[in-house]
Amino acid sequence: MANTKSFYLPSDVLEAIAAAGNGSAYITALVRHDVHRHRELALQAVADHTDADREAARQWAREQLASMKRRPADHAHVREALGIPKAS
Amino acid sequence: MRLALVLDTTAVAAYARGGLHISELLDELREDADLFGVPDVCLAQARAQGASRDGLALLQVHERCHVLGSPPPEILGDVAALCDGDLVRAAVLVHAISHDAYVLTSEPGLYAKLSILDEADIIHLTDDWPQ
């Protein structure tokens, strides 16, 4: 409970937090609810598929990543032609 | 940490509707400790096309997701001119080119016909379900 962070928030959000009385508890409840909802969504998305579906998709994914590793993308010539700087 | 993959709007939409192939791909990417990039305009376009807010939020909280802002306007404009003025597709290409990354899309033909990237640099997100 000792950690603090500073954020810039819109005035309507600040007003809502102030109106809640215990702002810390209010924000904690909201964030935990949001995190929980995202976890539920992720679990639901997985549960909608059969094991065979998942295995086929996983196999496809591994093939794509193996291919990417064998042949890393190199766009140096396109960067030069179009004047696009390389990301640092 | 390397940004290995840039998602376009079709890939974002596939994730937002619970696409299994893209979910597995991004999870496998996590094990490789690589990042994937999502141009903010693709998130916006997917939303405009009906992607759920929750699905888009889930993508953005993925631990390997890096949301990419708009490229410099002159560069974006130059590339958009090669894409029939399509600023969203141009943003995907600029980010992929600048990061030496692959593009993940359900519509590889839209990129292949531009002949900007090698077709081998475009990953075709196929047969995703549920539709």
# chains A, B, ... in the order shown; residues from 1 in each chain; ligands from 1
call {"tool": "interface_residues", "arguments": {"of": "chain B", "to": "chain A", "cutoff": "10 Å", "atoms": "only C-alpha atoms", "output": "PyMOL selection string"}}
result
chain B and resi 3-5+15-29+32+54-55+57-59+61+71-72+74-76+78-79+94-103+116-118+120-130
call {"tool": "select_by_dssp", "arguments": {"residues": "chain B", "states": "strand (DSSP E)", "output": "MDAnalysis selection string"}}
result
chainID B and resid 3:7 35:39 65:68 102:105 122:124
call {"tool": "closest_residue", "arguments": {"among": "B:Pro108, B:Gly77, B:Gly50, B:Gly69", "to": "B:Asp8", "atoms": "only C-alpha atoms"}}
result
B:Pro108
